[in-house]
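final-v7.txt (compact mmCIF, C-alpha atoms)
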```
# COMPACT_ATOMS: atom_id res chain seq x y z
CA MET A 19 10.63 -5.54 24.27
CA TYR A 20 13.48 -5.16 21.75
CA HIS A 21 17.15 -4.45 22.59
CA SER A 22 19.53 -3.43 19.81
CA ASP A 23 22.74 -3.71 21.86
CA ASP A 24 22.85 -7.51 21.97
CA THR A 25 23.45 -10.09 19.23
CA ILE A 26 20.56 -12.00 17.71
CA ALA A 27 20.37 -15.11 15.53
CA ALA A 28 17.69 -17.05 13.68
CA ILE A 29 17.11 -19.39 10.77
CA ALA A 30 16.46 -17.02 7.87
CA SER A 31 15.48 -19.48 5.13
CA ALA A 32 12.04 -20.97 4.56
CA SER A 33 10.89 -23.90 6.66
CA GLY A 34 11.28 -27.40 5.26
CA GLY A 35 14.10 -29.14 3.46
CA ALA A 36 16.08 -27.45 0.70
CA ALA A 37 19.45 -27.55 -1.02
CA ARG A 38 20.60 -24.56 1.02
CA GLY A 39 19.58 -23.02 4.33
CA ILE A 40 20.66 -19.84 6.12
CA VAL A 41 21.35 -18.91 9.73
CA ARG A 42 21.56 -15.15 10.23
CA ILE A 43 23.45 -13.35 13.02
CA SER A 44 23.48 -9.61 13.73
CA GLY A 45 24.86 -7.50 16.57
CA PRO A 46 28.05 -6.27 18.22
CA SER A 47 29.33 -9.80 18.99
CA ALA A 48 28.47 -11.37 15.61
CA ILE A 49 32.11 -11.78 14.47
CA ALA A 50 33.31 -13.03 17.88
CA ILE A 51 30.52 -15.63 17.88
CA LEU A 52 31.45 -16.70 14.36
CA GLU A 53 35.14 -17.05 15.34
CA SER A 54 34.24 -19.44 18.15
CA CYS A 55 32.70 -22.04 15.84
CA PHE A 56 33.83 -21.36 12.24
CA ARG A 57 37.10 -22.50 10.66
CA PRO A 58 37.79 -20.82 7.29
CA CYS A 59 39.57 -22.81 4.58
CA ALA A 60 41.95 -19.93 3.87
CA SER A 61 44.13 -18.43 6.54
CA VAL A 62 42.23 -15.30 7.52
CA ASN A 63 41.67 -13.40 10.74
CA LEU A 64 37.96 -12.58 10.73
CA ARG A 65 38.50 -9.63 13.07
CA ASP A 66 40.76 -7.99 10.47
CA VAL A 67 38.15 -8.14 7.70
CA ARG A 68 37.06 -4.62 6.74
CA LEU A 69 34.90 -5.22 3.66
CA PRO A 70 31.89 -7.48 3.00
CA THR A 71 33.35 -10.84 1.99
CA VAL A 72 32.48 -14.52 1.53
CA HIS A 73 34.49 -17.28 3.22
CA SER A 74 34.29 -21.06 2.77
CA GLY A 75 35.01 -23.34 5.71
CA THR A 76 33.48 -25.63 8.31
CA LEU A 77 31.20 -24.99 11.25
CA ALA A 78 31.69 -26.99 14.43
CA THR A 79 28.22 -27.93 15.67
CA SER A 80 26.88 -29.43 18.86
CA GLY A 81 23.90 -31.75 19.07
CA SER A 82 24.37 -33.04 15.53
CA HIS A 83 25.77 -36.28 14.11
CA VAL A 84 27.83 -34.12 11.70
CA ALA A 85 30.52 -32.48 13.84
CA GLN A 86 31.99 -30.30 11.06
CA LEU A 87 29.51 -28.86 8.56
CA PRO A 88 30.77 -27.45 5.25
CA VAL A 89 29.43 -23.90 5.00
CA GLU A 90 29.91 -20.56 3.29
CA VAL A 91 29.93 -17.47 5.47
CA TYR A 92 28.78 -14.08 4.17
CA LEU A 93 30.34 -11.47 6.45
CA TRP A 94 29.45 -7.78 6.78
CA PRO A 95 31.86 -6.33 9.36
CA ASP A 96 30.52 -2.75 9.45
CA ALA A 97 27.53 -0.48 8.91
CA ARG A 98 27.04 -1.58 5.29
CA SER A 99 24.96 -4.54 6.47
CA TYR A 100 21.15 -4.71 6.39
CA THR A 101 20.94 -3.83 10.11
CA ARG A 102 23.98 -1.47 10.05
CA GLN A 103 25.57 -3.75 12.64
CA PRO A 104 28.22 -6.45 12.17
CA SER A 105 26.26 -9.24 10.50
CA VAL A 106 26.84 -12.81 9.37
CA GLU A 107 24.94 -15.25 7.21
CA ILE A 108 25.95 -18.91 7.46
CA HIS A 109 24.89 -20.79 4.32
CA GLY A 110 24.81 -24.55 4.63
CA MET A 111 22.75 -27.58 3.69
CA GLY A 112 19.03 -26.87 4.08
CA SER A 113 18.26 -29.85 6.31
CA PRO A 114 16.04 -28.68 9.21
CA PRO A 115 17.96 -30.73 11.85
CA LEU A 116 21.29 -29.35 10.62
CA LEU A 117 20.00 -25.77 10.57
CA SER A 118 18.69 -26.23 14.11
CA ALA A 119 22.12 -27.53 15.16
CA MET A 120 23.80 -24.49 13.56
CA LEU A 121 21.43 -22.14 15.36
CA LYS A 122 21.96 -23.95 18.66
CA THR A 123 25.73 -23.58 18.20
CA VAL A 124 25.68 -19.81 17.64
CA CYS A 125 23.22 -19.29 20.52
CA ALA A 126 25.51 -21.30 22.81
CA ALA A 127 28.34 -18.97 21.77
CA GLY A 128 26.48 -15.87 22.98
CA ALA A 129 23.67 -14.98 20.56
CA ARG A 130 20.00 -14.98 21.52
CA LEU A 131 17.09 -16.10 19.40
CA ALA A 132 15.67 -13.18 17.42
CA GLU A 133 12.09 -12.01 17.89
CA PRO A 134 9.73 -11.90 14.87
CA GLY A 135 10.83 -9.13 12.51
CA GLU A 136 13.74 -8.08 14.71
CA PHE A 137 16.32 -7.95 11.89
CA THR A 138 14.10 -5.59 9.88
CA LEU A 139 13.29 -3.61 13.03
CA ARG A 140 17.02 -3.01 13.55
CA ALA A 141 17.30 -1.87 9.94
CA PHE A 142 14.45 0.59 10.58
CA LEU A 143 15.88 1.89 13.85
CA ALA A 144 19.28 2.34 12.20
CA GLY A 145 17.77 4.42 9.38
CA ARG A 146 18.35 1.81 6.68
CA LEU A 147 14.60 1.69 5.95
CA ASP A 148 11.63 3.84 6.81
CA LEU A 149 8.44 2.25 8.12
CA THR A 150 6.75 1.98 4.72
CA GLN A 151 9.79 0.12 3.36
CA ALA A 152 9.88 -2.17 6.40
CA GLU A 153 6.25 -3.06 5.69
CA ALA A 154 7.21 -3.68 2.06
CA VAL A 155 9.68 -6.33 3.26
CA LEU A 156 6.76 -8.15 4.85
CA GLY A 157 4.77 -7.65 1.66
CA ILE A 158 7.53 -9.33 -0.35
CA ILE A 159 7.71 -12.24 2.09
CA ASN A 160 3.93 -12.77 2.02
CA ALA A 161 3.35 -12.08 -1.70
CA ARG A 162 1.04 -14.67 -3.22
CA GLY A 163 1.57 -13.71 -6.84
CA GLN A 164 3.65 -11.63 -9.21
CA GLN A 165 1.47 -8.52 -8.85
CA GLU A 166 1.67 -8.49 -5.05
CA PHE A 167 5.41 -9.08 -5.32
CA ARG A 168 5.90 -6.18 -7.76
CA THR A 169 3.76 -3.87 -5.61
CA ALA A 170 5.78 -4.60 -2.47
CA LEU A 171 9.09 -4.37 -4.39
CA GLU A 172 8.18 -0.93 -5.74
CA GLN A 173 7.33 0.23 -2.23
CA LEU A 174 10.62 -1.16 -0.90
CA ALA A 175 12.46 0.79 -3.61
CA GLY A 176 10.95 4.02 -2.28
CA GLY A 177 7.69 4.27 -4.22
CA LEU A 178 6.03 5.76 -1.14
CA ALA A 179 9.01 6.84 0.94
CA ARG A 180 10.44 9.11 -1.75
CA PRO A 181 7.41 11.41 -2.30
CA LEU A 182 6.62 11.41 1.43
CA ASN A 183 10.13 12.47 2.41
CA GLN A 184 10.25 15.08 -0.35
CA LEU A 185 6.93 16.48 0.91
CA ARG A 186 8.18 16.52 4.51
CA ASP A 187 11.31 18.41 3.44
CA ARG A 188 9.24 21.06 1.64
CA LEU A 189 6.87 21.46 4.57
CA LEU A 190 9.81 21.73 6.98
CA ASP A 191 11.25 24.51 4.80
CA LEU A 192 7.85 26.24 4.79
CA LEU A 193 7.59 25.93 8.56
CA ALA A 194 11.10 27.36 8.98
CA HIS A 195 10.13 30.45 6.94
CA LEU A 196 6.90 30.88 8.89
CA GLU A 197 8.61 30.62 12.26
CA ALA A 198 11.42 32.94 11.16
CA GLY A 199 8.77 35.52 10.35
CA LEU A 200 7.29 35.11 13.82
CA ASP A 201 10.69 35.76 15.39
CA PHE A 202 11.00 39.07 13.50
CA VAL A 203 7.36 40.11 13.51
CA GLU A 204 8.14 43.48 15.15
CA ASP A 205 10.71 44.30 12.43
CA ASP A 206 8.10 43.86 9.68
CA ILE A 207 10.36 41.44 7.73
CA GLN A 208 8.51 39.11 5.36
CA PHE A 209 10.34 35.80 4.92
CA ILE A 210 7.71 34.25 2.64
CA ALA A 211 4.86 35.83 0.69
CA PRO A 212 1.23 34.69 1.19
CA ARG A 213 1.10 33.62 -2.47
CA GLN A 214 4.14 31.36 -1.98
CA ILE A 215 2.57 29.93 1.18
CA GLU A 216 -0.57 29.15 -0.79
CA LEU A 217 1.42 27.48 -3.57
CA GLU A 218 3.38 25.27 -1.14
CA LEU A 219 0.24 24.25 0.75
CA GLU A 220 -1.67 23.57 -2.47
CA GLN A 221 1.08 21.35 -3.84
CA GLY A 222 1.45 19.55 -0.51
CA ALA A 223 -2.29 18.85 -0.32
CA ALA A 224 -2.22 17.49 -3.90
CA VAL A 225 0.63 15.10 -3.07
CA ILE A 226 -1.21 13.85 0.03
CA ALA A 227 -4.43 13.38 -1.92
CA GLY A 228 -2.60 11.31 -4.53
CA LEU A 229 -0.87 9.17 -1.91
CA ASN A 230 -4.10 8.73 0.03
CA ALA A 231 -5.90 7.53 -3.10
CA GLN A 232 -2.99 5.21 -3.83
CA LEU A 233 -3.12 3.74 -0.32
CA CYS A 234 -6.80 3.70 0.47
CA GLY A 235 -8.10 2.64 -2.93
CA ARG A 236 -6.93 -0.87 -2.13
CA LYS A 237 -7.08 -1.61 1.60
CA ARG A 238 -5.43 -5.00 1.18
CA THR A 239 -3.31 -6.35 -1.64
CA ASP A 240 -5.36 -9.55 -1.72
CA GLU A 241 -8.65 -7.66 -2.21
CA PRO A 242 -9.66 -7.67 -5.88
CA PRO A 243 -10.41 -4.37 -7.65
CA ARG A 244 -13.94 -3.06 -7.16
CA ALA A 245 -16.10 -2.76 -10.30
CA VAL A 246 -19.38 -0.90 -9.68
CA LEU A 247 -22.45 -0.97 -11.95
CA VAL A 248 -23.79 2.59 -12.24
CA GLY A 249 -26.80 3.91 -14.15
CA ARG A 250 -30.34 5.24 -14.03
CA PRO A 251 -33.09 3.01 -12.58
CA ASN A 252 -34.26 0.08 -14.72
CA VAL A 253 -31.39 0.19 -17.24
CA GLY A 254 -30.63 -3.50 -16.62
CA LYS A 255 -27.81 -3.34 -14.05
CA SER A 256 -29.19 -6.19 -11.92
CA SER A 257 -29.82 -8.41 -14.95
CA LEU A 258 -26.26 -7.77 -16.09
CA PHE A 259 -24.98 -8.50 -12.55
CA ASN A 260 -26.79 -11.86 -12.52
CA ALA A 261 -25.55 -12.74 -16.01
CA LEU A 262 -21.91 -11.98 -15.18
CA ALA A 263 -22.14 -13.70 -11.78
CA LYS A 264 -23.95 -16.68 -13.36
CA HIS A 265 -26.49 -16.79 -10.54
CA ALA A 266 -29.68 -14.92 -9.67
CA GLY A 267 -28.38 -12.86 -6.77
CA ALA A 268 -30.02 -9.56 -7.66
CA LEU A 269 -33.78 -9.03 -7.71
CA VAL A 270 -34.91 -8.15 -11.24
CA SER A 271 -38.15 -6.37 -12.09
CA ASP A 272 -39.60 -4.03 -14.71
CA GLN A 273 -40.52 -1.71 -11.85
CA PRO A 274 -37.88 1.05 -11.54
CA GLY A 275 -36.05 1.29 -8.22
CA THR A 276 -36.19 -2.42 -7.36
CA THR A 277 -32.59 -2.43 -6.11
CA ARG A 278 -32.32 -0.60 -2.78
CA ASP A 279 -29.21 -2.10 -1.19
CA TYR A 280 -26.04 -3.12 -3.04
CA LEU A 281 -24.94 -6.66 -3.88
CA THR A 282 -21.41 -7.95 -4.40
CA THR A 283 -19.81 -10.99 -5.98
CA VAL A 284 -16.26 -11.88 -7.00
CA LEU A 285 -15.73 -12.59 -10.70
CA ASP A 286 -12.93 -14.93 -11.75
CA LEU A 287 -11.67 -13.42 -15.01
CA GLY A 288 -8.74 -15.78 -15.59
CA PRO A 289 -5.57 -13.67 -15.23
CA ALA A 290 -7.37 -11.37 -12.78
CA ARG A 291 -10.32 -11.12 -10.44
CA CYS A 292 -12.67 -8.28 -9.61
CA GLN A 293 -15.40 -7.60 -7.09
CA LEU A 294 -18.59 -6.75 -8.99
CA ILE A 295 -21.05 -4.48 -7.16
CA ASP A 296 -24.67 -3.79 -8.13
CA THR A 297 -26.05 -0.50 -6.80
CA ALA A 298 -29.38 1.31 -6.76
CA GLY A 299 -30.24 3.37 -9.82
CA VAL A 300 -29.36 7.08 -9.87
CA GLU A 301 -32.57 9.06 -9.33
CA PRO A 302 -33.10 12.49 -10.99
CA GLU A 303 -33.60 14.01 -7.54
CA VAL A 304 -32.52 12.36 -4.29
CA PRO A 305 -35.45 12.25 -1.81
CA ALA A 306 -35.01 14.21 1.41
CA SER A 307 -35.57 11.10 3.54
CA GLY A 308 -36.67 7.49 3.50
CA ILE A 309 -35.40 4.27 1.91
CA SER A 310 -34.70 5.89 -1.44
CA ARG A 311 -32.34 8.40 0.15
CA VAL A 312 -30.46 5.68 2.02
CA ALA A 313 -30.18 3.65 -1.18
CA ALA A 314 -28.84 6.67 -3.04
CA GLN A 315 -26.24 7.30 -0.33
CA LEU A 316 -25.10 3.66 -0.41
CA ALA A 317 -24.80 3.75 -4.20
CA SER A 318 -22.85 7.02 -4.08
CA SER A 319 -20.46 5.60 -1.48
CA GLN A 320 -19.78 2.47 -3.55
CA GLU A 321 -19.19 4.55 -6.67
CA ALA A 322 -16.79 6.88 -4.85
CA ASN A 323 -14.67 3.94 -3.68
CA CYS A 324 -14.67 1.94 -6.90
CA ASP A 325 -11.63 1.08 -9.01
CA ILE A 326 -13.63 0.41 -12.20
CA ARG A 327 -16.90 2.10 -13.14
CA LEU A 328 -19.36 0.31 -15.40
CA LEU A 329 -21.66 3.01 -16.76
CA CYS A 330 -24.81 1.25 -17.99
CA ILE A 331 -26.92 2.81 -20.77
CA ASP A 332 -30.29 1.40 -21.84
CA SER A 333 -30.21 0.82 -25.62
CA SER A 334 -34.01 1.00 -25.92
CA ARG A 335 -34.37 4.65 -24.94
CA PRO A 336 -32.61 7.93 -25.81
CA LEU A 337 -29.93 9.43 -23.62
CA ASN A 338 -31.08 11.73 -20.84
CA ASP A 339 -29.23 14.77 -19.50
CA TRP A 340 -27.55 12.89 -16.63
CA GLU A 341 -26.20 10.22 -19.01
CA ARG A 342 -24.89 12.84 -21.45
CA ARG A 343 -23.05 14.58 -18.61
CA GLN A 344 -21.52 11.30 -17.44
CA LEU A 345 -20.31 10.40 -20.93
CA ALA A 346 -18.87 13.87 -21.47
CA ALA A 347 -17.13 14.12 -18.08
CA ASN A 348 -15.50 10.66 -17.94
CA GLN A 349 -13.88 11.48 -14.59
CA PHE A 350 -12.86 7.90 -13.79
CA ALA A 351 -9.48 6.46 -14.76
CA GLU A 352 -11.12 3.11 -15.50
CA GLN A 353 -14.61 3.47 -16.96
CA ILE A 354 -16.36 0.98 -19.24
CA VAL A 355 -19.52 2.11 -21.01
CA VAL A 356 -21.97 -0.79 -21.29
CA VAL A 357 -25.03 -0.68 -23.52
CA THR A 358 -27.71 -2.98 -22.10
CA LYS A 359 -30.83 -4.66 -23.53
CA CYS A 360 -29.34 -4.95 -27.02
CA GLU A 361 -31.86 -7.67 -27.93
CA ALA A 362 -33.99 -4.84 -29.36
CA ALA A 363 -33.53 -3.94 -33.03
CA ASP A 364 -33.22 -0.20 -32.47
CA ARG A 365 -30.61 1.27 -30.14
CA THR A 366 -29.46 4.69 -29.08
CA THR A 367 -26.31 6.18 -30.62
CA LEU A 368 -23.46 6.97 -28.25
CA PRO A 369 -20.64 9.50 -28.70
CA CYS A 370 -18.00 7.06 -27.41
CA ALA A 371 -16.87 3.44 -27.57
CA ALA A 372 -19.12 1.01 -25.71
CA ILE A 373 -19.76 -2.71 -25.28
CA ASP A 374 -23.16 -3.95 -26.48
CA THR A 375 -24.71 -6.54 -24.18
CA SER A 376 -27.90 -8.49 -23.66
CA ALA A 377 -28.26 -10.24 -20.33
CA LYS A 378 -31.35 -12.03 -21.67
CA ARG A 379 -29.54 -13.55 -24.67
CA GLY A 380 -25.99 -13.61 -23.29
CA LEU A 381 -24.71 -11.25 -25.98
CA GLY A 382 -21.49 -9.31 -25.34
CA LEU A 383 -20.79 -10.88 -21.95
CA ASP A 384 -17.50 -12.43 -23.04
CA ALA A 385 -16.34 -9.09 -24.47
CA LEU A 386 -17.30 -7.34 -21.25
CA ARG A 387 -15.43 -9.93 -19.19
CA ARG A 388 -12.31 -9.40 -21.31
CA GLU A 389 -12.51 -5.63 -20.87
CA LEU A 390 -13.07 -6.03 -17.12
CA CYS A 391 -10.05 -8.32 -16.92
CA LEU A 392 -7.81 -5.77 -18.68
CA ALA A 393 -9.07 -2.97 -16.43
CA ALA A 394 -8.48 -5.08 -13.30
CA ILE A 395 -4.91 -5.82 -14.42
CA ARG A 396 -4.29 -2.10 -15.01
CA VAL A 397 -5.65 -1.24 -11.56
CA ASP A 398 -3.40 -3.85 -9.94
CA ARG A 399 -0.38 -2.56 -11.86
CA ASP A 400 -1.05 1.00 -10.69
CA SER A 401 -1.30 -0.01 -7.05
CA SER A 402 2.08 0.61 -5.37
CA ALA A 403 1.44 0.21 -1.66
CA SER A 404 1.28 -2.88 0.44
CA GLY A 405 -2.01 -3.64 2.17
CA LEU A 406 -0.37 -3.40 5.57
CA THR A 407 0.77 0.18 4.88
CA ALA A 408 -2.72 1.12 3.65
CA GLU A 409 -4.31 -0.16 6.84
CA ARG A 410 -1.84 1.67 9.09
CA CYS A 411 -1.40 4.97 7.29
CA GLY A 412 -4.78 5.89 5.85
CA GLU A 413 -5.91 7.87 8.90
CA SER A 414 -2.59 9.70 9.27
CA LEU A 415 -2.62 10.79 5.63
CA ARG A 416 -6.23 11.92 5.95
CA GLN A 417 -5.43 14.07 8.98
CA ALA A 418 -2.29 15.48 7.34
CA GLY A 419 -4.37 16.49 4.32
CA GLU A 420 -7.01 18.11 6.51
CA ALA A 421 -4.31 20.06 8.38
CA LEU A 422 -3.00 21.52 5.11
CA VAL A 423 -6.54 22.39 3.99
CA ARG A 424 -7.08 24.29 7.24
CA ALA A 425 -3.72 26.02 6.76
CA ARG A 426 -4.78 27.15 3.27
CA GLN A 427 -8.03 28.53 4.65
CA LEU A 428 -6.14 30.44 7.34
CA ASN A 429 -3.75 31.83 4.73
CA GLU A 430 -6.64 33.00 2.54
CA SER A 431 -8.27 34.77 5.49
CA ALA A 432 -4.96 36.36 6.57
CA ALA A 433 -5.49 34.89 10.03
CA GLY A 434 -1.81 35.03 11.01
CA GLU A 435 1.29 33.00 10.28
CA GLU A 436 1.40 31.51 13.79
CA LEU A 437 -1.91 29.71 13.17
CA ILE A 438 -0.73 28.51 9.73
CA ALA A 439 2.50 27.25 11.29
CA ALA A 440 0.53 25.29 13.91
CA GLU A 441 -1.45 23.46 11.21
CA VAL A 442 1.72 22.73 9.21
CA ARG A 443 3.28 21.24 12.36
CA LEU A 444 0.23 19.00 12.79
CA GLY A 445 0.53 17.84 9.18
CA LEU A 446 4.24 17.13 9.60
CA GLY A 447 3.52 15.09 12.73
CA GLU A 448 1.04 12.89 10.86
CA LEU A 449 3.43 12.40 7.94
CA GLY A 450 6.12 11.49 10.45
CA MET A 451 3.84 8.74 11.74
CA VAL A 452 3.58 7.33 8.21
CA VAL A 453 7.31 7.08 7.50
CA GLY A 454 8.26 6.27 11.10
CA ALA A 455 10.05 9.54 11.91
CA VAL A 456 7.57 9.65 14.80
CA TYR A 457 6.60 6.32 16.32
CA THR A 458 5.56 4.56 19.51
CA ASP A 459 6.24 1.08 20.84
CA ASP A 460 2.63 0.16 20.02
CA ILE A 461 3.14 1.04 16.34
CA LEU A 462 6.38 -0.93 16.12
CA ASP A 463 4.83 -3.93 17.82
CA ARG A 464 1.82 -3.82 15.49
CA VAL A 465 4.06 -3.77 12.39
CA PHE A 466 6.91 -6.11 13.30
CA SER A 467 4.92 -8.73 15.22
CA ARG A 468 3.47 -9.80 11.86
CA PHE A 469 6.90 -10.86 10.60
CA CYS A 470 8.24 -14.37 10.94
CA ILE A 471 11.38 -15.11 12.96
CA GLY A 472 14.55 -14.61 10.91
CA LYS A 473 13.39 -11.58 8.92
```
Output the file's structure as structure tokens, nothing else.
Amino acid sequence: MYHSDDTIAAIASASGGAARGIVRISGPSAIAILESCFRPCASVNLRDVRLPTVHSGTLATSGSHVAQLPVEVYLWPDARSYTRQPSVEIHGMGSPPLLSAMLKTVCAAGARLAEPGEFTLRAFLAGRLDLTQAEAVLGIINARGQQEFRTALEQLAGGLARPLNQLRDRLLDLLAHLEAGLDFVEDDIQFIAPRQIELELEQGAAVIAGLNAQLCGRKRTDEPPRAVLVGRPNVGKSSLFNALAKHAGALVSDQPGTTRDYLTTVLDLGPARCQLIDTAGVEPEVPASGISRVAAQLASSQEANCDIRLLCIDSSRPLNDWERRQLAANQFAEQIVVVTKCEAADRTTLPCAAIDTSAKRGLGLDALRRELCLAAIRVDRDSSASGLTAERCGESLRQAGEALVRARQLNESAAGEELIAAEVRLGLGELGMVVGAVYTDDILDRVFSRFCIGK
């Protein structure tokens, strides 16, 4: 579908009128095409230019009432360009008819119209970017707010590529030691000790787990953080859900265990949004079968995938063992302890900071909204992967992590370095799929077809 040995051109600026517009050219004939239609103000031979430079002049166009357009030309004559090919950007007036005339002129001189994302694809194929950074370019183009823009910009700067490539280098070194040992197995030469193998695999698995959480915690950048209400049955989660959502979406009853499924709603918190989720109460013992077991599994799944945990404690009764353990453990990066039913005079004493609320009287709801907003902003700030990368790479990272876990198990059982090496190779293959060291035409088409023409 794509050919990197020809010269491509496209309008690279946004559609619509503007003070300035850009036509981009890249490929082996870019300078020759420019020479055929551009007249620089200064006396300069464009073929002799060796450094990136800017030249003012006029562009002779066809199909336009303006025969000579005043333009500025940004010229990259060598591999220092975005695509690592000779490249040109023609900056002129941002009138759509004039930009179309400029594009028609350069295509008539030998360029072809670029496919969607073809400039960035050439940068990827030339090694200028890896696949996660190419996806970050699309994230920057499509960003709908400052947070999405910062997330994509961090990824473009290597926020994912750097730790992935460092991990691949370490695993390649480990694999080299393992395979060297296989070559000299009859000489009883040990190139790497089992303890060092364990350490490398353990650290590699930890890096993958962190990256997987970073990617998969937010499947899309436009999906708000997930805030899950967690607590024992009948602590007031559903009443709190209805009060925050400002509608009666959850069934409320004094009978414990009323909520069986989970409900969701999106809360607009001003500077941020979050997806609020009401789950079934945590039972002391999960039934072996039936509706209660299904409800418990759904609640556990929602809690495992949440960004913010709202631990609800009933103010009208003393803490039980499960609640004490939850307060002591505090395993979640973003956890808000919410004391419910505070309309009663007496309340239980907690060993940590909490927000007192009463869904019946509306007490503490504004404070809880403010705390939710701050937590949602922190979650967004910590997210450093574009949604496109999360969708594409989640499965590869999962399989890479599983391969290293199997390798650790083989190392512990002294099963043989050839089996450990096989699992490390599998993990490296999956990591290669993430960064684009290993790719297929289907993967490239899936990524770059989402770009607009000119990028």
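When all atoms listed in the file are used to measure the gap to A:Val465, the shortest distance among A:Leu77, A:Leu262, A:Leu149, A:Arg98 belongs to A:Leu149.
Atom CA of A:Glu430 is positioned 17.9 Å from atom CA of A:Leu189.
A distance cut-off of 10 Å around (8.6, -1.1, -2.5), counting only C-alpha atoms, selects these protein and nucleic acid residues: Thr150, Gln151, Ala152, Glu153, Ala154, Val155, Gly157, Ile158, Phe167, Arg168, Thr169, Ala170, Leu171, Glu172, Gln173, Leu174, Ala175, Gly176, Gly177, Leu178, Ala179, Ser402, Ala403 and Ser404 of chain A.
All residues of protein, DNA or RNA that reach within 8 Å of A:Asp325, judged by only C-alpha atoms and not counting those fewer than 4 positions away in the chain, are Gly235, Pro243, Arg244, Ala245, Glu352 and Val397 of chain A.
The nearest approach to A:Glu361 among the residues A:Ser74, A:Ser376, A:Ser467, A:Asn230, with only C-alpha atoms taken into account, belongs to A:Ser376.
The nearest approach to A:Ile51 among the residues A:Ala141, A:Leu69, A:Met120, A:Ile461, with only C-alpha atoms taken into account, belongs to A:Met120.
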* Considering only C-alpha atoms, state which residue in the set A:Cys55, A:Ala60, A:Ala194, A:Leu337 is at the smallest distance from A:Ala85. => A:Cys55
* **Residue among A:Ala224, A:Ile438, A:Leu52, A:Val453 lying closest to A:Val91, counting all atoms listed in the file** => A:Leu52
* Which polymer residues have any atom within 10 Å of an atom of A:Ala48, counting all atoms listed in the file, with same-chain residues fewer than 4 positions away left out, as a PyMOL selection string? -> chain A and resi 24-27+42-44+52-53+93-95+103-107+124+127-129
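In this model, the gap between atom CA of A:Leu64 and atom CA of A:Met111 comes to 22.5 Å.
Of the residues under consideration (A:Cys59, A:Val357, A:Val442, A:Ile373), A:Val442 shows the shortest atom-to-atom contact distance to A:Ala223 when counting only C-alpha atoms.
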* So which residues fall inside 10 Å of (17.6, -27.3, 0.6) if we count only C-alpha atoms? Mind giving them as a list in words? -> Ser31, Ala32, Ser33, Gly34, Gly35, Ala36, Ala37, Arg38, Gly39, Ile40, Gly110, Met111, Gly112, Ser113 and Pro114 of chain A
Restrict the selected residues to C-alpha atoms and save them as a compact mmCIF listing (two decimals), in the frame of the given file.
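Contents of again.txt, as written:
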```
# COMPACT_ATOMS: atom_id res chain seq x y z
CA SER A 31 15.48 -19.48 5.13
CA ALA A 32 12.04 -20.97 4.56
CA SER A 33 10.89 -23.90 6.66
CA GLY A 34 11.28 -27.40 5.26
CA GLY A 35 14.10 -29.14 3.46
CA ALA A 36 16.08 -27.45 0.70
CA ALA A 37 19.45 -27.55 -1.02
CA ARG A 38 20.60 -24.56 1.02
CA GLY A 39 19.58 -23.02 4.33
CA ILE A 40 20.66 -19.84 6.12
CA GLY A 110 24.81 -24.55 4.63
CA MET A 111 22.75 -27.58 3.69
CA GLY A 112 19.03 -26.87 4.08
CA SER A 113 18.26 -29.85 6.31
CA PRO A 114 16.04 -28.68 9.21
```
